[in-house]
Amino acid sequence: MNEYDSNRILDIVKQIGYHKTEFLSEANCFLLNTCHIRDKAREKVYHEIGRVKKNFRSKAKPLVIVTGCVAQAENEEMLKKEPFIDLVIGPQAYHKINDKINEYLNKKKRFEETEFDAYAKFDYLNKIQNSLGKTSSFLTIQEGCDKFCNFCVVPFTRGPEYSRPFDEIFYEAKTLAESGVKEIILLGQNVNAYNFEKYKLSDLILEIEKLPQIRRIRYTTSHPKDMTKDLIDVYGVSKKLMPLVHLPVQSGSNKILASMNRKHTIEDYLEIYENLKEINPLIEFSSDFIIGYPGENDEDFKYTLELVKKIKFINSFSFIFSPRPGTVAANLNLVKKEISSKRLLIIQKELFENQIKKNKELENKKIDVLIENKLKRGDQFFGRSDLMTPVILDGEEKDVGKIVKVKIIRSNQNTLFGEKLKTSNLKVA
């Protein structure tokens, strides 16, 4: 979502004459878009600002703007702590960025803007064309969260759930398709909570699928509570929805899930898994895991490991719990670090072995790959399989934006390596 937001911020500031530079030393405005979901996010912001200060020690100071979720969480504290920062703008106030830049340049007064107004933001963005123009493009359809998981800051940094109007999303998808985009990844903090009037995520998928230029559709990140029957059923009829379901479970223990306030049980999760597999046996799962959540004992961890072995997730994110200020879990007693670290190694070993095995099974097989871009070195190209796995292969410039047949020669934990088959004729319309 931050990548999408960064691209849209660039679209906005172009309206007042700014353009992107690849060289920091050339910049007269430095904008840092931040995420608050990981540990030490705040410290990383100040470290990055320190790097910029060092670069401009003997030059004219650039306008320095911090945006995103750390900006929302810290707001005025950032201006007090770091005089080098000029503007602090939250993720629901991007539509005001041009006015705030001009106001600062006129008055030289530092300030923050962190008001929640998702409706006004997207209403403004709808008037500015999304100029990303890549083969694969993100498209935000929903923001915010009403789930209030006890470990998560999203409700406080992104605000309540907001679903963009259906027609506005489709218009942006159509614009992206006409600009050369072949794959759309629908985004939301709880993307499958999308609900605008009578429309749900399943309706969006089926409508975007009608665009002939679009060959692949994905969505992230979903919540088990919102994995409704209509969305599950789409996997049985859609020709363009990819068969990878990223569905964060966080823990295999019902006790820990209740403590997290996740609002789903392992039985709920397994029912979703079985229903999807029944509709399409080719569907694979990826997930998120928090290891060492307060109160997690050996039995709770055993349940998580058993879940991983049962579902055999092909790609997952796993981290030791780190408290986020302002959340319920921030006040709970931590599991000892050495215990959490040991458990993380065990769970990651199992997760990584699943990835390696799945990739190994594809060696000497032919798969469809959407070529996204040429790599900087040599004649190799980068693409992704239908399961989102990165693929490196030899190719030609004309292959970018096409789905080609690739024979997989070798693999490692994260990547497939292959050669394009000359018989491929899967051109994108």
# chains A, B, ... in the order shown; residues from 1 in each chain; ligands from 1
>>> residues_around(residues="Ile205 (chain A)", least_positions_apart="3", cutoff="8 Å", atoms="only C-alpha atoms", output="ChimeraX atom specification")
/A:201-202,208-209,217,241
>>> residues_around(residues="region 277-280 of chain A", least_positions_apart="2", cutoff="12 Å", atoms="only C-alpha atoms", output="PyMOL selection string")
chain A and resi 229+231-239+241-245+270-275+282-285+311
>>> residues_around(residues="Glu43 (chain A)", least_positions_apart="6", cutoff="12 Å", atoms="only C-alpha atoms", output="list of chain:residue names")
A:Thr34, A:Cys35, A:His36, A:Ile49, A:Gly50, A:Val70, A:Glu74, A:Met78, A:Lys81, A:Glu82
>>> write_last_selection(atoms="N, CA and C atoms", output="PDB file, in the first residue's frame")
ATOM      1  N   THR A  34       6.330   6.432   5.208  1.00  0.00           N
ATOM      2  CA  THR A  34       6.695   5.505   6.271  1.00  0.00           C
ATOM      3  C   THR A  34       5.608   4.481   6.582  1.00  0.00           C
ATOM      4  N   CYS A  35       6.047   3.373   7.185  1.00  0.00           N
ATOM      5  CA  CYS A  35       5.154   2.311   7.647  1.00  0.00           C
ATOM      6  C   CYS A  35       5.428   2.065   9.129  1.00  0.00           C
ATOM      7  N   HIS A  36       4.377   1.824   9.898  1.00  0.00           N
ATOM      8  CA  HIS A  36       4.509   1.695  11.353  1.00  0.00           C
ATOM      9  C   HIS A  36       4.295   0.270  11.835  1.00  0.00           C
ATOM     10  N   ILE A  49      16.465  10.354   8.110  1.00  0.00           N
ATOM     11  CA  ILE A  49      16.561  11.817   8.102  1.00  0.00           C
ATOM     12  C   ILE A  49      17.994  12.257   8.409  1.00  0.00           C
ATOM     13  N   GLY A  50      18.650  11.535   9.320  1.00  0.00           N
ATOM     14  CA  GLY A  50      20.055  11.827   9.622  1.00  0.00           C
ATOM     15  C   GLY A  50      20.940  11.655   8.398  1.00  0.00           C
ATOM     16  N   VAL A  70       3.887   6.330  10.333  1.00  0.00           N
ATOM     17  CA  VAL A  70       4.704   6.870  11.426  1.00  0.00           C
ATOM     18  C   VAL A  70       4.386   8.353  11.604  1.00  0.00           C
ATOM     19  N   GLU A  74       3.170   9.753  15.157  1.00  0.00           N
ATOM     20  CA  GLU A  74       4.072  10.648  15.892  1.00  0.00           C
ATOM     21  C   GLU A  74       3.658  12.112  15.787  1.00  0.00           C
ATOM     22  N   MET A  78       7.314  14.576  16.016  1.00  0.00           N
ATOM     23  CA  MET A  78       8.389  14.573  15.019  1.00  0.00           C
ATOM     24  C   MET A  78       8.973  15.964  14.824  1.00  0.00           C
ATOM     25  N   LYS A  81      11.117  16.815  17.858  1.00  0.00           N
ATOM     26  CA  LYS A  81      12.351  16.043  18.013  1.00  0.00           C
ATOM     27  C   LYS A  81      13.369  16.334  16.920  1.00  0.00           C
ATOM     28  N   GLU A  82      12.908  16.590  15.687  1.00  0.00           N
ATOM     29  CA  GLU A  82      13.838  16.736  14.567  1.00  0.00           C
ATOM     30  C   GLU A  82      13.545  18.029  13.794  1.00  0.00           C
TER      31      GLU A  82
END
>>> residues_around(residues="region 153-163 of chain A", least_positions_apart="6", cutoff="9 Å", atoms="only C-alpha atoms", output="MDAnalysis selection string")
chainID A and resid 36:37 68:73 90:92 116:119 141:147 188:191 193:196 324:327
>>> write_last_selection(atoms="N, CA and C atoms", output="compact mmCIF listing (two decimals), in the first residue's frame")
# COMPACT_ATOMS: atom_id res chain seq x y z
N HIS A 36 4.38 1.82 9.90
CA HIS A 36 4.51 1.70 11.35
C HIS A 36 4.30 0.27 11.84
N ILE A 37 4.14 -0.68 10.91
CA ILE A 37 3.72 -2.02 11.32
C ILE A 37 4.88 -2.87 11.87
N GLY A 68 2.84 9.07 5.78
CA GLY A 68 2.58 7.68 6.12
C GLY A 68 2.20 7.47 7.57
N CYS A 69 2.28 6.21 7.99
CA CYS A 69 1.72 5.81 9.29
C CYS A 69 2.57 6.26 10.47
N VAL A 70 3.89 6.33 10.33
CA VAL A 70 4.70 6.87 11.43
C VAL A 70 4.39 8.35 11.60
N ALA A 71 4.18 9.05 10.50
CA ALA A 71 3.79 10.46 10.56
C ALA A 71 2.48 10.62 11.33
N GLN A 72 1.52 9.72 11.05
CA GLN A 72 0.23 9.77 11.73
C GLN A 72 0.40 9.51 13.23
N ALA A 73 1.22 8.52 13.57
CA ALA A 73 1.38 8.12 14.97
C ALA A 73 2.16 9.15 15.78
N GLY A 90 -0.19 12.82 7.43
CA GLY A 90 -0.71 11.48 7.63
C GLY A 90 -1.28 10.87 6.35
N PRO A 91 -1.53 9.56 6.34
CA PRO A 91 -1.94 8.85 5.13
C PRO A 91 -3.34 9.20 4.63
N GLN A 92 -4.16 9.85 5.47
CA GLN A 92 -5.48 10.26 4.99
C GLN A 92 -5.53 11.74 4.63
N PHE A 116 -8.10 12.62 9.69
CA PHE A 116 -8.65 11.48 8.95
C PHE A 116 -9.75 11.97 8.02
N ASP A 117 -9.55 11.79 6.71
CA ASP A 117 -10.60 12.16 5.75
C ASP A 117 -10.38 11.37 4.46
N ALA A 118 -10.63 10.06 4.54
CA ALA A 118 -10.40 9.19 3.38
C ALA A 118 -11.28 9.57 2.21
N TYR A 119 -12.51 9.98 2.47
CA TYR A 119 -13.43 10.34 1.38
C TYR A 119 -12.85 11.50 0.57
N ILE A 141 -8.44 -0.23 -2.92
CA ILE A 141 -9.90 -0.21 -2.97
C ILE A 141 -10.51 0.05 -1.59
N GLN A 142 -9.71 -0.16 -0.54
CA GLN A 142 -10.22 -0.07 0.82
C GLN A 142 -9.08 0.34 1.74
N GLU A 143 -9.39 1.14 2.73
CA GLU A 143 -8.39 1.53 3.71
C GLU A 143 -8.97 1.45 5.12
N GLY A 144 -8.08 1.37 6.08
CA GLY A 144 -8.49 1.38 7.47
C GLY A 144 -8.96 0.02 7.96
N CYS A 145 -9.25 -0.05 9.25
CA CYS A 145 -9.63 -1.32 9.85
C CYS A 145 -10.50 -1.10 11.08
N ASP A 146 -11.54 -1.94 11.20
CA ASP A 146 -12.42 -1.90 12.36
C ASP A 146 -12.26 -3.13 13.24
N LYS A 147 -11.24 -3.96 12.98
CA LYS A 147 -11.10 -5.23 13.70
C LYS A 147 -10.46 -5.05 15.08
N GLY A 188 -5.92 -3.36 0.33
CA GLY A 188 -6.66 -2.83 1.47
C GLY A 188 -6.05 -3.37 2.74
N GLN A 189 -6.17 -2.61 3.84
CA GLN A 189 -5.73 -3.16 5.12
C GLN A 189 -6.54 -4.42 5.44
N ASN A 190 -7.82 -4.38 5.09
CA ASN A 190 -8.70 -5.56 5.12
C ASN A 190 -9.43 -5.59 3.79
N VAL A 191 -8.72 -6.00 2.75
CA VAL A 191 -9.23 -5.84 1.40
C VAL A 191 -10.55 -6.57 1.17
N ALA A 193 -12.86 -6.90 3.24
CA ALA A 193 -13.94 -6.22 3.94
C ALA A 193 -14.57 -5.17 3.04
N TYR A 194 -14.10 -5.07 1.79
CA TYR A 194 -14.65 -4.08 0.86
C TYR A 194 -16.16 -4.23 0.78
N ASN A 195 -16.86 -3.11 0.95
CA ASN A 195 -18.33 -3.14 0.95
C ASN A 195 -18.84 -1.74 0.62
N PHE A 196 -19.19 -1.54 -0.64
CA PHE A 196 -19.74 -0.25 -1.07
C PHE A 196 -21.13 -0.48 -1.64
N ARG A 324 3.53 -2.61 19.84
CA ARG A 324 3.32 -1.31 19.21
C ARG A 324 2.71 -0.38 20.24
N PRO A 325 3.29 0.78 20.45
CA PRO A 325 2.77 1.73 21.44
C PRO A 325 1.30 2.05 21.19
N GLY A 326 0.52 2.06 22.25
CA GLY A 326 -0.88 2.42 22.14
C GLY A 326 -1.83 1.25 21.95
N THR A 327 -1.27 0.05 21.72
CA THR A 327 -2.13 -1.13 21.54
C THR A 327 -2.29 -1.86 22.87
>>> select_by_dssp(residues="region 75-275 of chain A", states="alpha helix (DSSP H)", output="ChimeraX atom specification")
/A:76-81,97-107,118-125,154-157,166-178,201-208,229-234,254-260,266-275
>>> closest_residue(among="A:Thr135, A:Ser251, A:Asn130, A:Ser222", to="Arg8 (chain A)", atoms="only C-alpha atoms")
A:Asn130
>>> closest_residue(among="A:Asp230, A:Glu396, A:Glu419, A:Glu26", to="Lys365 (chain A)", atoms="only C-alpha atoms")
A:Glu419
